[in-house]
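A.B. asks: My structure is stored as structure-v3.pdb, with PDB, C-alpha atoms.
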ATOM      1  CA  MET A   2       0.000   0.000   0.000
ATOM      2  CA  ALA A   3       1.334   3.429  -0.929
ATOM      3  CA  ILE A   4       1.790   6.077   1.730
ATOM      4  CA  ASN A   5      -0.299   9.200   1.158
ATOM      5  CA  ALA A   6       2.412  11.892   1.411
ATOM      6  CA  GLU A   7      -0.075  14.714   0.845
ATOM      7  CA  LYS A   8      -2.220  13.591   3.776
ATOM      8  CA  LEU A   9       0.868  13.189   5.985
ATOM      9  CA  GLY A  10       1.962  16.702   5.049
ATOM     10  CA  MET A  11      -1.433  18.124   5.989
ATOM     11  CA  VAL A  12      -1.395  16.376   9.371
ATOM     12  CA  LEU A  13       2.094  17.713  10.118
ATOM     13  CA  GLN A  14       1.207  21.220   8.972
ATOM     14  CA  ASN A  15      -1.921  21.234  11.168
ATOM     15  CA  PHE A  16       0.125  19.923  14.100
ATOM     16  CA  VAL A  17       2.761  22.641  13.727
ATOM     17  CA  SER A  18       0.317  25.498  13.189
ATOM     18  CA  GLY A  19      -2.118  24.326  15.863
ATOM     19  CA  THR A  20       0.244  23.404  18.690
ATOM     20  CA  THR A  21       1.695  26.099  20.901
ATOM     21  CA  ASP A  22       5.506  26.278  20.852
ATOM     22  CA  VAL A  23       5.921  23.670  18.089
ATOM     23  CA  GLN A  24       8.103  25.196  15.382
ATOM     24  CA  GLY A  25       8.390  22.302  12.959
ATOM     25  CA  ALA A  26       7.902  18.594  12.362
ATOM     26  CA  ALA A  27       9.078  15.963   9.917
ATOM     27  CA  LEU A  28       8.220  12.332   9.297
ATOM     28  CA  VAL A  29      11.143  10.334   7.933
ATOM     29  CA  THR A  30      11.974   6.724   7.157
ATOM     30  CA  PRO A  31      14.488   4.920   9.404
ATOM     31  CA  ASP A  32      16.995   5.087   6.532
ATOM     32  CA  GLY A  33      16.739   8.883   6.274
ATOM     33  CA  LEU A  34      14.267   9.573   3.485
ATOM     34  CA  PRO A  35      11.692  12.322   4.047
ATOM     35  CA  LEU A  36       8.032  11.271   3.935
ATOM     36  CA  ALA A  37       6.550  14.661   4.857
ATOM     37  CA  ALA A  38       7.694  17.820   6.614
ATOM     38  CA  SER A  39       6.587  21.178   7.920
ATOM     39  CA  LEU A  40       9.879  22.796   8.899
ATOM     40  CA  PRO A  41      10.927  26.363   9.655
ATOM     41  CA  GLY A  42      12.233  28.353   6.688
ATOM     42  CA  GLY A  43      15.824  27.669   5.755
ATOM     43  CA  MET A  44      15.890  24.071   7.025
ATOM     44  CA  ASP A  45      16.789  21.496   4.405
ATOM     45  CA  GLU A  46      14.258  18.643   4.506
ATOM     46  CA  GLU A  47      16.741  16.100   3.121
ATOM     47  CA  ARG A  48      19.446  17.040   5.613
ATOM     48  CA  VAL A  49      17.033  17.034   8.582
ATOM     49  CA  SER A  50      15.755  13.604   7.519
ATOM     50  CA  ALA A  51      19.247  12.133   7.265
ATOM     51  CA  MET A  52      20.277  13.553  10.653
ATOM     52  CA  SER A  53      17.084  12.272  12.280
ATOM     53  CA  ALA A  54      17.693   8.751  11.003
ATOM     54  CA  SER A  55      21.314   8.888  12.181
ATOM     55  CA  MET A  56      20.264  10.063  15.649
ATOM     56  CA  LEU A  57      17.696   7.295  15.887
ATOM     57  CA  SER A  58      20.204   4.655  14.838
ATOM     58  CA  LEU A  59      22.786   5.899  17.327
ATOM     59  CA  GLY A  60      20.171   6.145  20.091
ATOM     60  CA  GLU A  61      19.106   2.538  19.499
ATOM     61  CA  ARG A  62      22.717   1.362  19.682
ATOM     62  CA  ILE A  63      23.297   3.327  22.892
ATOM     63  CA  GLY A  64      20.107   1.855  24.377
ATOM     64  CA  MET A  65      21.348  -1.664  23.632
ATOM     65  CA  GLU A  66      24.904  -1.067  24.860
ATOM     66  CA  LEU A  67      23.728   0.551  28.094
ATOM     67  CA  ALA A  68      21.045  -2.107  28.633
ATOM     68  CA  ARG A  69      18.233   0.475  28.573
ATOM     69  CA  GLY A  70      15.951  -1.593  26.341
ATOM     70  CA  THR A  71      13.984  -0.317  23.386
ATOM     71  CA  ILE A  72      14.263   3.441  22.897
ATOM     72  CA  ASP A  73      10.893   5.226  22.925
ATOM     73  CA  ARG A  74      12.135   8.756  22.431
ATOM     74  CA  ILE A  75      15.318  10.726  21.828
ATOM     75  CA  PHE A  76      15.260  14.164  23.368
ATOM     76  CA  VAL A  77      17.737  16.919  22.495
ATOM     77  CA  GLU A  78      17.622  20.068  24.595
ATOM     78  CA  GLY A  79      19.473  23.202  23.563
ATOM     79  CA  ASN A  80      19.365  26.796  24.701
ATOM     80  CA  LYS A  81      17.006  27.632  21.807
ATOM     81  CA  GLY A  82      14.613  24.716  22.185
ATOM     82  CA  PHE A  83      13.990  21.020  21.865
ATOM     83  CA  GLY A  84      14.219  18.330  19.229
ATOM     84  CA  ILE A  85      12.261  15.158  19.968
ATOM     85  CA  LEU A  86      12.483  11.986  17.887
ATOM     86  CA  THR A  87       9.774   9.379  18.393
ATOM     87  CA  GLY A  88       9.082   6.157  16.523
ATOM     88  CA  CYS A  89       5.930   6.090  14.402
ATOM     89  CA  GLY A  90       5.428   2.397  13.742
ATOM     90  CA  GLN A  91       8.088   0.301  12.034
ATOM     91  CA  ASP A  92       8.455   2.469   8.937
ATOM     92  CA  ALA A  93       8.704   6.052  10.182
ATOM     93  CA  VAL A  94      10.189   8.402  12.755
ATOM     94  CA  LEU A  95       8.627  11.691  13.853
ATOM     95  CA  LEU A  96      10.870  14.662  14.560
ATOM     96  CA  VAL A  97       9.315  17.574  16.450
ATOM     97  CA  LEU A  98      11.062  20.918  16.929
ATOM     98  CA  ALA A  99       9.810  23.040  19.826
ATOM     99  CA  SER A 100      10.777  26.362  21.356
ATOM    100  CA  GLU A 101      12.563  26.679  24.696
ATOM    101  CA  SER A 102       9.312  27.885  26.296
ATOM    102  CA  ALA A 103       7.453  24.638  25.498
ATOM    103  CA  LYS A 104       5.930  22.813  28.457
ATOM    104  CA  GLN A 105       7.404  19.330  28.146
ATOM    105  CA  GLY A 106       4.413  17.450  29.571
ATOM    106  CA  LEU A 107       1.935  19.146  27.254
ATOM    107  CA  LEU A 108       4.312  18.726  24.334
ATOM    108  CA  MET A 109       4.583  14.968  24.946
ATOM    109  CA  LEU A 110       0.769  14.694  25.076
ATOM    110  CA  GLU A 111       0.455  16.521  21.749
ATOM    111  CA  ILE A 112       3.153  14.325  20.206
ATOM    112  CA  LYS A 113       1.308  11.212  21.368
ATOM    113  CA  ARG A 114      -1.914  12.561  19.830
ATOM    114  CA  VAL A 115      -0.372  13.314  16.441
ATOM    115  CA  LEU A 116       1.454   9.962  16.422
ATOM    116  CA  THR A 117      -1.892   8.165  16.690
ATOM    117  CA  GLU A 118      -3.149  10.111  13.684
ATOM    118  CA  LEU A 119       0.037   9.558  11.645
ATOM    119  CA  LYS A 120       0.173   5.817  12.372
ATOM    120  CA  LEU A 121      -3.259   5.386  10.794
ATOM    121  CA  ILE A 122      -1.936   6.899   7.556
ATOM    122  CA  VAL A 123       1.479   5.180   7.520
ATOM    123  CA  GLN A 124       0.165   1.646   8.138
TER     124      GLN A 124
END
For this file, produce the structure as structure tokens.
C.D. replies:
Amino acid sequence: MAINAEKLGMVLQNFVSGTTDVQGAALVTPDGLPLAASLPGGMDEERVSAMSASMLSLGERIGMELARGTIDRIFVEGNKGFGILTGCGQDAVLLVLASESAKQGLLMLEIKRVLTELKLIVQ
């Protein structure tokens, strides 16, 4: 079954525009190919996708080496905001970019909500 990239793009765009403090989002394959994205201006979709896949791969290896089990989420915190990588089924990874003022608990709830919606499209 083919993945509906247009529908994925609409879901991501609605998520970014409708969620406080979310600045961008991208759905990528585990091997670094972009499926859909709604990123801030100036960000290269291909580059973001490749970096997201690399981070996920490294995070999974670290989880195994440190006996932490299966990785649910990779969280990067910088002085200008957050980057959160979360699995979206077997075939996709969701990257969410949020501002430094984002409330982490609310952000995680919104990510969980959009993941449910995206999984229905990706499967």
A.B. asks: In terms of the shortest atom-to-atom distance over all atoms listed in the file, which of A:Asn5, A:Asp92, A:Leu98, A:Gly19 is closest to A:Val49?
C.D. replies: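 Using all atoms listed in the file, the shortest distance to A:Val49 belongs to A:Leu98.
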A.B. asks: To verify the selection step, state as a PyMOL selection string which residues the PyMOL selection byres ((chain A and resi 123) around 12) yields on this input.
C.D. replies: chain A and resi 2-10+12+28-30+36-37+88-95+116-122+124
A.B. asks: Any chance you could work out the residue set of the PyMOL selection byres ((chain A and resi 72-79) around 8) here, as an MDAnalysis selection string?
C.D. replies: chainID A and resid 56:57 60:61 64 69:71 80:88 101
A.B. asks: Report, in Å with one decimal, the straight-line distance from atom CA of A:Pro35 to atom CA of A:Ser18.
C.D. replies: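 Interatomic distance, atom CA of A:Pro35 to atom CA of A:Ser18: 19.7 Å.
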A.B. asks: I'd like the neighbourhood of A:Gly42 as a list in words, where a residue qualifies if any of its atoms comes within 12 Å (using only C-alpha atoms), though same-chain residues fewer than 4 positions away should be ignored.
C.D. replies: Gln24, Gly25, Ala38 and Glu46 of chain A
A.B. asks: Taking the file above as input, evaluate the PyMOL selection byres ((chain A and resi 50) around 6) and report the hits as a list in words.
C.D. replies: Val29, Gly33, Leu34, Pro35, Glu47, Arg48, Val49, Ala51, Met52 and Ser53 of chain A
A.B. asks: Near stretch 103-114 of chain A, counting all atoms listed in the file, which residues have an atom at most 8 Å away, once you skip same-chain residues fewer than 4 positions from it, shown as a PDB file with C-alpha atoms, in the coordinates of the input?
C.D. replies:
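Contents of around_20.pdb, freshly written:
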ATOM      1  CA  THR A  20       0.244  23.404  18.690  1.00  0.00           C
ATOM      2  CA  THR A  21       1.695  26.099  20.901  1.00  0.00           C
ATOM      3  CA  ASP A  22       5.506  26.278  20.852  1.00  0.00           C
ATOM      4  CA  VAL A  23       5.921  23.670  18.089  1.00  0.00           C
ATOM      5  CA  GLY A  82      14.613  24.716  22.185  1.00  0.00           C
ATOM      6  CA  VAL A  97       9.315  17.574  16.450  1.00  0.00           C
ATOM      7  CA  ALA A  99       9.810  23.040  19.826  1.00  0.00           C
ATOM      8  CA  GLU A 118      -3.149  10.111  13.684  1.00  0.00           C
TER       9      GLU A 118
END
A.B. asks: Kindly give the distance, in Å, that separates atom CA of A:Ser58 and atom CA of A:Ala27, rounded to a single decimal.
C.D. replies: 16.6 Å
A.B. asks: Box along x, y and z, 8 Å on every side, all listed atoms of stretch 109-122 of chain A inside: centre and edge lengths in Å to one decimal, as JSON.
C.D. replies:
{"center_x": 0.7, "center_y": 11.0, "center_z": 16.3, "size_x": 23.8, "size_y": 27.1, "size_z": 33.5}
A.B. asks: Under the rule that only C-alpha atoms are counted, which of A:Leu59, A:Met65, A:Leu96, A:Ala54 is the nearest residue to A:Pro31?
C.D. replies: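 Ranking A:Leu59, A:Met65, A:Leu96, A:Ala54 by distance to A:Pro31, first place goes to A:Ala54.
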